[in-house]
$ cat target04.cif   # mmCIF, C-alpha atoms and all ligand atoms
data_run
#
loop_
_atom_site.label_atom_id
_atom_site.label_comp_id
_atom_site.auth_asym_id
_atom_site.auth_seq_id
_atom_site.Cartn_x
_atom_site.Cartn_y
_atom_site.Cartn_z
CA MET A 15 106.11 95.98 112.36
CA LYS A 16 103.87 93.06 111.75
CA ALA A 17 100.44 92.70 110.12
CA TYR A 18 98.34 90.01 108.50
CA LEU A 19 96.07 91.78 106.09
CA ILE A 20 93.73 90.98 103.20
CA LEU A 21 92.91 93.44 100.40
CA LEU A 22 89.48 92.77 98.91
CA GLY A 23 87.95 94.54 95.94
CA ALA A 24 86.68 94.04 92.42
CA PRO A 25 89.06 93.60 89.47
CA GLY A 26 90.70 96.99 88.91
CA ALA A 27 89.97 98.28 92.44
CA GLY A 28 93.70 98.99 92.85
CA LYS A 29 94.65 96.06 95.12
CA GLY A 30 97.95 95.37 93.35
CA THR A 31 98.88 99.06 93.17
CA VAL A 32 98.39 99.79 96.87
CA ALA A 33 99.76 96.36 97.90
CA LYS A 34 103.10 97.18 96.28
CA ARG A 35 103.38 100.43 98.26
CA LEU A 36 102.44 98.68 101.52
CA VAL A 37 104.96 95.84 101.24
CA ASP A 38 107.78 98.10 99.97
CA LYS A 39 107.44 100.27 103.06
CA ASN A 40 106.74 97.61 105.70
CA GLY A 41 108.77 94.52 104.85
CA TRP A 42 105.80 92.15 104.64
CA ILE A 43 105.54 89.55 101.93
CA GLN A 44 102.95 90.15 99.23
CA ILE A 45 100.86 87.20 98.23
CA SER A 46 99.24 88.01 94.90
CA THR A 47 97.72 84.80 93.59
CA GLY A 48 97.15 86.44 90.18
CA ASP A 49 100.88 87.34 89.84
CA MET A 50 101.89 83.86 91.02
CA LEU A 51 99.66 82.23 88.44
CA ARG A 52 101.03 84.48 85.67
CA GLU A 53 104.57 83.40 86.69
CA GLU A 54 103.51 79.74 86.45
CA ILE A 55 102.10 80.46 82.98
CA ALA A 56 105.35 82.15 81.91
CA LYS A 57 107.32 79.08 83.11
CA GLN A 58 104.81 76.82 81.31
CA SER A 59 104.55 74.69 84.44
CA PRO A 60 101.72 72.10 84.69
CA LEU A 61 99.88 74.47 87.09
CA GLY A 62 100.37 77.40 84.69
CA LEU A 63 99.08 75.41 81.73
CA GLU A 64 96.01 74.34 83.69
CA ALA A 65 95.34 77.85 85.07
CA LYS A 66 95.68 79.75 81.76
CA ASN A 67 92.32 78.74 80.28
CA TYR A 68 90.41 79.69 83.41
CA MET A 69 92.18 83.04 83.62
CA ASP A 70 91.86 84.04 79.96
CA GLN A 71 88.12 83.39 80.16
CA GLY A 72 87.81 85.47 83.32
CA ASN A 73 86.92 82.50 85.56
CA LEU A 74 88.43 81.47 88.88
CA VAL A 75 91.14 78.81 89.04
CA PRO A 76 89.88 75.83 91.16
CA ASP A 77 90.29 76.26 94.94
CA ASP A 78 92.47 73.15 95.49
CA LEU A 79 95.15 74.36 93.02
CA ILE A 80 95.22 77.83 94.54
CA ILE A 81 95.39 76.66 98.16
CA LYS A 82 98.28 74.27 97.40
CA MET A 83 100.21 77.08 95.66
CA LEU A 84 99.51 79.52 98.51
CA LYS A 85 100.78 77.21 101.28
CA THR A 86 104.31 77.06 99.84
CA HIS A 87 104.52 80.87 99.57
CA LEU A 88 103.26 81.60 103.10
CA GLU A 89 106.23 79.80 104.66
CA HIS A 90 108.22 83.07 104.66
CA GLY A 91 105.51 85.28 106.17
CA GLU A 92 106.80 85.55 109.72
CA ASN A 93 107.11 89.41 109.54
CA GLY A 94 103.68 89.97 108.08
CA VAL A 95 101.65 89.05 105.03
CA LEU A 96 99.58 91.10 102.61
CA LEU A 97 97.13 89.00 100.64
CA ASP A 98 96.02 90.55 97.35
CA GLY A 99 93.59 88.48 95.28
CA PHE A 100 93.19 85.75 97.90
CA PRO A 101 90.79 84.57 99.26
CA ARG A 102 88.24 84.78 96.47
CA THR A 103 85.74 82.17 97.66
CA GLU A 104 84.40 81.15 101.05
CA ALA A 105 86.26 77.82 100.75
CA GLN A 106 89.54 79.74 100.31
CA ALA A 107 88.74 81.96 103.31
CA ILE A 108 88.15 78.89 105.49
CA ALA A 109 91.38 77.28 104.24
CA LEU A 110 93.27 80.50 105.07
CA ASP A 111 92.00 80.42 108.67
CA ALA A 112 93.38 76.88 109.00
CA ILE A 113 96.77 77.81 107.47
CA PHE A 114 97.14 80.86 109.76
CA PHE A 115 96.18 78.69 112.75
CA GLU A 116 98.98 76.24 111.84
CA MET A 117 101.39 79.21 111.55
CA GLY A 118 100.29 80.47 114.98
CA VAL A 119 99.17 83.87 113.61
CA SER A 120 95.80 85.52 113.07
CA LEU A 121 94.28 87.90 110.58
CA ASP A 122 94.41 91.56 111.70
CA SER A 123 92.18 93.32 109.17
CA VAL A 124 90.42 92.96 105.84
CA VAL A 125 90.34 96.12 103.73
CA ASN A 126 87.67 96.35 101.05
CA LEU A 127 88.49 98.90 98.32
CA LEU A 128 85.32 100.52 96.98
CA VAL A 129 85.43 101.73 93.36
CA PRO A 130 82.44 102.44 91.04
CA GLU A 131 82.07 100.09 88.09
CA GLU A 132 82.68 102.70 85.35
CA LEU A 133 86.05 103.53 86.95
CA LEU A 134 86.93 99.81 87.23
CA LEU A 135 86.30 99.47 83.48
CA ALA A 136 88.42 102.53 82.67
CA ARG A 137 91.29 101.28 84.86
CA LEU A 138 91.33 97.74 83.44
CA GLY A 139 90.94 98.90 79.83
CA GLY A 140 94.07 101.08 80.06
CA ARG A 141 96.32 99.02 82.34
CA LEU A 142 99.89 98.24 81.32
CA VAL A 143 102.10 95.87 83.35
CA CYS A 144 105.88 95.46 83.42
CA LYS A 145 107.03 92.00 82.31
CA GLU A 146 110.02 92.16 84.66
CA CYS A 147 109.07 93.87 87.96
CA LYS A 148 105.24 93.60 87.56
CA ALA A 149 104.74 97.35 88.23
CA SER A 150 101.40 98.62 86.97
CA PHE A 151 100.89 101.69 84.79
CA HIS A 152 97.90 103.16 83.02
CA LYS A 153 97.73 104.66 79.54
CA LEU A 154 95.89 107.75 80.92
CA PHE A 155 96.00 107.74 84.74
CA SER A 156 99.70 106.90 85.23
CA PRO A 157 101.48 106.69 81.87
CA PRO A 158 105.14 105.61 81.79
CA LYS A 159 107.71 108.31 80.94
CA GLU A 160 108.68 106.43 77.78
CA VAL A 161 106.00 104.58 75.78
CA GLY A 162 106.16 100.81 76.41
CA VAL A 163 109.04 101.01 78.93
CA CYS A 164 108.85 100.54 82.73
CA ASP A 165 109.97 103.63 84.71
CA HIS A 166 111.37 101.46 87.51
CA CYS A 167 113.42 98.75 85.78
CA GLY A 168 113.35 99.50 82.04
CA GLY A 169 111.34 96.30 81.39
CA THR A 170 108.78 95.98 78.59
CA LEU A 171 105.17 96.92 79.33
CA TYR A 172 102.34 94.71 78.07
CA GLN A 173 98.57 94.45 78.28
CA ARG A 174 97.31 91.42 80.27
CA SER A 175 95.56 88.82 78.12
CA ASP A 176 92.51 88.95 80.44
CA ASP A 177 92.21 92.77 80.17
CA ASN A 178 89.94 92.52 77.11
CA PRO A 179 86.24 93.52 77.20
CA GLU A 180 84.84 89.95 77.29
CA SER A 181 87.14 88.68 80.07
CA ILE A 182 86.66 91.88 82.08
CA GLN A 183 82.85 91.43 82.01
CA GLN A 184 83.20 87.79 83.07
CA ARG A 185 85.66 88.69 85.89
CA LEU A 186 83.19 91.26 87.24
CA LYS A 187 80.38 88.68 87.06
CA VAL A 188 82.52 86.11 88.92
CA TYR A 189 83.52 88.75 91.47
CA HIS A 190 79.85 89.51 92.30
CA ALA A 191 78.92 85.81 92.52
CA SER A 192 81.91 84.34 94.38
CA THR A 193 84.08 87.01 96.02
CA LYS A 194 81.68 89.78 97.07
CA PRO A 195 80.02 87.44 99.64
CA LEU A 196 83.35 87.52 101.53
CA ILE A 197 82.49 91.10 102.58
CA ASP A 198 79.75 89.73 104.85
CA PHE A 199 81.94 86.77 105.85
CA TYR A 200 84.55 89.15 107.30
CA LYS A 201 81.96 91.69 108.56
CA ASP A 202 80.56 88.91 110.73
CA LYS A 203 84.04 88.43 112.22
CA SER A 204 84.36 92.23 112.82
CA LEU A 205 87.47 92.33 110.62
CA LEU A 206 86.13 94.31 107.65
CA PHE A 207 87.01 97.96 106.89
CA GLU A 208 85.88 99.84 103.78
CA ILE A 209 88.06 102.41 102.05
CA ASP A 210 87.25 104.63 99.08
CA GLY A 211 89.58 103.24 96.41
CA SER A 212 88.56 105.72 93.73
CA ARG A 213 91.02 108.36 94.95
CA ASP A 214 94.73 108.80 94.32
CA ALA A 215 96.77 105.67 95.21
CA GLU A 216 98.83 107.63 97.76
CA GLU A 217 95.66 108.68 99.64
CA VAL A 218 94.40 105.10 99.64
CA TYR A 219 97.77 103.96 101.01
CA PHE A 220 97.66 106.60 103.73
CA ASP A 221 94.13 105.58 104.83
CA ILE A 222 95.19 101.94 105.15
CA ILE A 223 98.26 102.81 107.22
CA THR A 224 96.15 105.07 109.48
CA LEU A 225 93.64 102.26 109.91
CA LEU A 226 96.35 99.75 110.88
CA GLU A 227 97.87 102.19 113.35
CA LYS A 228 94.48 102.76 114.98
CA ARG A 229 94.04 99.00 115.22
CA GLY A 230 97.34 98.65 117.05
CA ASN A 231 99.64 97.47 114.23
CA ASN A 232 102.97 99.32 114.14
CA ALA A 233 102.85 99.74 110.38
P1 LIG B 301 94.27 89.02 89.56
O1 LIG B 301 95.57 89.27 88.92
O2 LIG B 301 94.21 88.97 91.05
O3 LIG B 301 93.25 90.05 88.96
P2 LIG B 301 91.98 90.82 89.58
O4 LIG B 301 91.46 90.44 90.91
O5 LIG B 301 91.04 90.78 88.46
O6 LIG B 301 92.55 92.17 89.94
P3 LIG B 301 93.36 93.06 89.02
O7 LIG B 301 94.80 92.68 89.05
O8 LIG B 301 92.71 93.12 87.68
O9 LIG B 301 93.10 94.49 89.71
P4 LIG B 301 93.77 95.21 90.93
O10 LIG B 301 92.69 95.46 91.94
O11 LIG B 301 95.01 94.54 91.44
O12 LIG B 301 94.12 96.58 90.23
P5 LIG B 301 95.53 97.24 89.86
O13 LIG B 301 96.18 97.71 91.11
O14 LIG B 301 96.32 96.39 88.93
O15 LIG B 301 93.67 87.65 89.03
C1 LIG B 301 93.64 87.33 87.65
C2 LIG B 301 93.01 85.95 87.45
O16 LIG B 301 93.77 84.94 88.15
C3 LIG B 301 91.58 85.79 88.01
O17 LIG B 301 90.61 86.24 87.10
C4 LIG B 301 91.53 84.26 88.23
O18 LIG B 301 91.32 83.57 87.03
C5 LIG B 301 92.93 83.93 88.72
N1 LIG B 301 93.04 84.01 90.18
C6 LIG B 301 93.82 84.88 90.90
N2 LIG B 301 93.68 84.65 92.22
C7 LIG B 301 92.79 83.62 92.34
C8 LIG B 301 92.23 82.94 93.46
N3 LIG B 301 92.54 83.29 94.72
N4 LIG B 301 91.36 81.93 93.22
C9 LIG B 301 91.06 81.56 91.96
N5 LIG B 301 91.52 82.16 90.86
C10 LIG B 301 92.40 83.19 91.05
O19 LIG B 301 95.01 98.54 89.08
C11 LIG B 301 94.36 98.47 87.81
C12 LIG B 301 94.73 99.69 86.97
O20 LIG B 301 94.26 100.86 87.61
C13 LIG B 301 96.25 99.89 86.78
O21 LIG B 301 96.47 100.40 85.49
C14 LIG B 301 96.63 100.94 87.83
O22 LIG B 301 97.74 101.73 87.40
C15 LIG B 301 95.35 101.76 87.92
N6 LIG B 301 95.12 102.25 89.28
C16 LIG B 301 95.11 101.50 90.41
N7 LIG B 301 94.84 102.26 91.50
C17 LIG B 301 94.67 103.53 91.02
C18 LIG B 301 94.35 104.77 91.63
N8 LIG B 301 94.15 104.86 92.96
N9 LIG B 301 94.24 105.86 90.85
C19 LIG B 301 94.42 105.78 89.51
N10 LIG B 301 94.73 104.63 88.85
C20 LIG B 301 94.85 103.51 89.60
#
$ encode --input "target04.cif" --output "structure tokens"
Amino acid sequence: MKAYLILLGAPGAGKGTVAKRLVDKNGWIQISTGDMLREEIAKQSPLGLEAKNYMDQGNLVPDDLIIKMLKTHLEHGENGVLLDGFPRTEAQAIALDAIFFEMGVSLDSVVNLLVPEELLLARLGGRLVCKECKASFHKLFSPPKEVGVCDHCGGTLYQRSDDNPESIQQRLKVYHASTKPLIDFYKDKSLLFEIDGSRDAEEVYFDIITLLEKRGNNA
């Protein structure tokens, strides 16, 4: 049960939501650069302090900082890795190839989650995240049983500081300029697969697992 997989998609496409299901069921490690950066911010580390301004404004954190942070986390990826939110630029994609080469592994598939923009806006505008276990909820689409409390661990739910209308618009702009070109980058390598991410999270999960099985991964 081994796979090296990238989830691509615009902010709010559901990468984090489906990534959690995939790693829980398959024992891979999840590399979410956004979650890692938010942990650095919470610790008030030098990296966190530097990253916070970029993130709050909806801009990307510089490639060199991200690549350095990623390398230390990939050390434990011998059973499989799910990358969610990385790479986001061509420079990051090229750096990832070099890191995987050093690890002696190669990328299996890149899944691009397709979601129309009005649904992205609705998802981001209503998202709630658990401070403790990072589980995602939504005020309308998947509300917690008790207002403000995580169903899984009882942690407090909060709204991300970059889930405000101005930052969301900037994140979408940055996505189109810097990350969307990766679709063609991976198409050219015959690694790209597109999945309709506008459906129920369980259906999206099922499609990804079916895809991996067809491609020869024992997911
Ligand atoms: P990051 O945390 O990665 O944010 P993002 O890419 O903007 O993606 P999101 O987390 O907003 O969306 P998602 O696709 O994971 O959706 P989710 O599953 O939560 O990055 C934040 C910032 O960090 C960046 O802007 C940048 O500054 C910096 N950064 C991170 N990585 C970087 C990198 N590599 N390089 C440089 N900078 C970097 O779902 C959203 C909502 O929709 C939730 O409420 C969820 O419950 C709901 N939902 C999800 N799926 C469904 C579904 N199928 N049906 C109904 N509701 C759903």
$ closest_residue --input "target04.cif" --among "A:Leu88, A:Leu226, A:Leu121, A:Val75" --to "ligand LIG 301 (chain B)" --atoms "only C-alpha atoms and all ligand atoms"
A:Val75
$ closest_residue --input "target04.cif" --among "A:Asn67, A:Asn40, A:Gln184, A:Gln106" --to "Leu79 of chain A" --atoms "all atoms listed in the file"
A:Gln106
$ residues_around --input "target04.cif" --residues "Thr47 of chain A" --least-positions-apart "5" --cutoff "8 Å" --atoms "only C-alpha atoms" --output "PyMOL selection string"
chain A and resi 80+84+98-100
$ closest_atom_pairs --input "target04.cif" --of "chain A" --to "ligand LIG 301 (chain B)" --cutoff "6 Å" --atoms "all atoms listed in the file" --output "tab-separated table"
residue	atom	partner	partner_atom	distance
A:Pro25	CA	B:LIG301	O5	3.6
A:Gly26	CA	B:LIG301	O9	3.6
A:Ala27	CA	B:LIG301	O10	3.9
A:Gly28	CA	B:LIG301	O13	3.3
A:Lys29	CA	B:LIG301	O10	3.8
A:Gly30	CA	B:LIG301	O11	3.6
A:Thr31	CA	B:LIG301	O13	3.7
A:Thr47	CA	B:LIG301	N2	4.3
A:Gly48	CA	B:LIG301	O1	3.5
A:Asp49	CA	B:LIG301	O1	5.7
A:Tyr68	CA	B:LIG301	O18	5.4
A:Met69	CA	B:LIG301	O18	3.6
A:Gly72	CA	B:LIG301	O17	4.8
A:Asn73	CA	B:LIG301	O18	4.8
A:Leu74	CA	B:LIG301	N5	3.7
A:Val75	CA	B:LIG301	N5	3.8
A:Pro76	CA	B:LIG301	C9	5.9
A:Ile80	CA	B:LIG301	N4	5.8
A:Gly99	CA	B:LIG301	O2	4.3
A:Phe100	CA	B:LIG301	N3	4.1
A:Pro101	CA	B:LIG301	N3	5.0
A:Arg102	CA	B:LIG301	N3	4.9
A:Arg137	CA	B:LIG301	O20	4.1
A:Leu138	CA	B:LIG301	C12	5.3
A:Gly140	CA	B:LIG301	O21	6.0
A:Arg141	CA	B:LIG301	O21	3.4
A:Leu142	CA	B:LIG301	O21	5.8
A:Ser150	CA	B:LIG301	O22	4.8
A:Phe151	CA	B:LIG301	O22	4.1
A:His152	CA	B:LIG301	O21	4.0
A:Phe155	CA	B:LIG301	N10	5.3
A:Ser156	CA	B:LIG301	O22	5.9
A:Arg185	CA	B:LIG301	O17	5.7
A:Gly211	CA	B:LIG301	N8	6.0
A:Ser212	CA	B:LIG301	N8	5.7
A:Arg213	CA	B:LIG301	N8	5.1
A:Asp214	CA	B:LIG301	N8	4.2
A:Ala215	CA	B:LIG301	N8	3.5
$ residues_near_point --input "target04.cif" --point "(83.0, 80.5, 98.5)" --cutoff "8 Å" --atoms "all atoms listed in the file" --output "PyMOL selection string"
chain A and resi 102-107+192-193+195-196
$ residues_around --input "target04.cif" --residues "Ala33 of chain A" --least-positions-apart "3" --cutoff "12 Å" --atoms "all atoms listed in the file" --output "count of residues only"
35
$ closest_residue --input "target04.cif" --among "A:Lys228, A:Glu217, A:Glu131, A:Glu54" --to "Arg35 of chain A" --atoms "all atoms listed in the file"
A:Glu217
$ atom_distance --input "target04.cif" --atom1 "atom CA of Lys148 of chain A" --atom2 "atom CA of Leu51 of chain A"
12.7 Å
$ atom_distance --input "target04.cif" --atom1 "atom CA of Ser123 of chain A" --atom2 "atom CA of Glu53 of chain A"
27.5 Å
$ atom_distance --input "target04.cif" --atom1 "atom CA of Leu133 of chain A" --atom2 "atom CA of Asn178 of chain A"
15.3 Å
$ residues_around --input "target04.cif" --residues "Gly168 of chain A" --least-positions-apart "2" --cutoff "12 Å" --atoms "only C-alpha atoms" --output "list in words"
Val143, Cys144, Lys145, Glu146, Cys147, Lys148, Ala149, Pro158, Lys159, Glu160, Val161, Gly162, Val163, Cys164, Asp165, His166, Thr170 and Leu171 of chain A
$ closest_residue --input "target04.cif" --among "A:Val188, A:Ile108, A:Leu128, A:Leu154" --to "Tyr200 of chain A" --atoms "only C-alpha atoms"
A:Ile108
$ closest_residue --input "target04.cif" --among "A:Gly118, A:Val32, A:Lys153, A:Leu134" --to "Tyr172 of chain A" --atoms "all atoms listed in the file"
A:Lys153
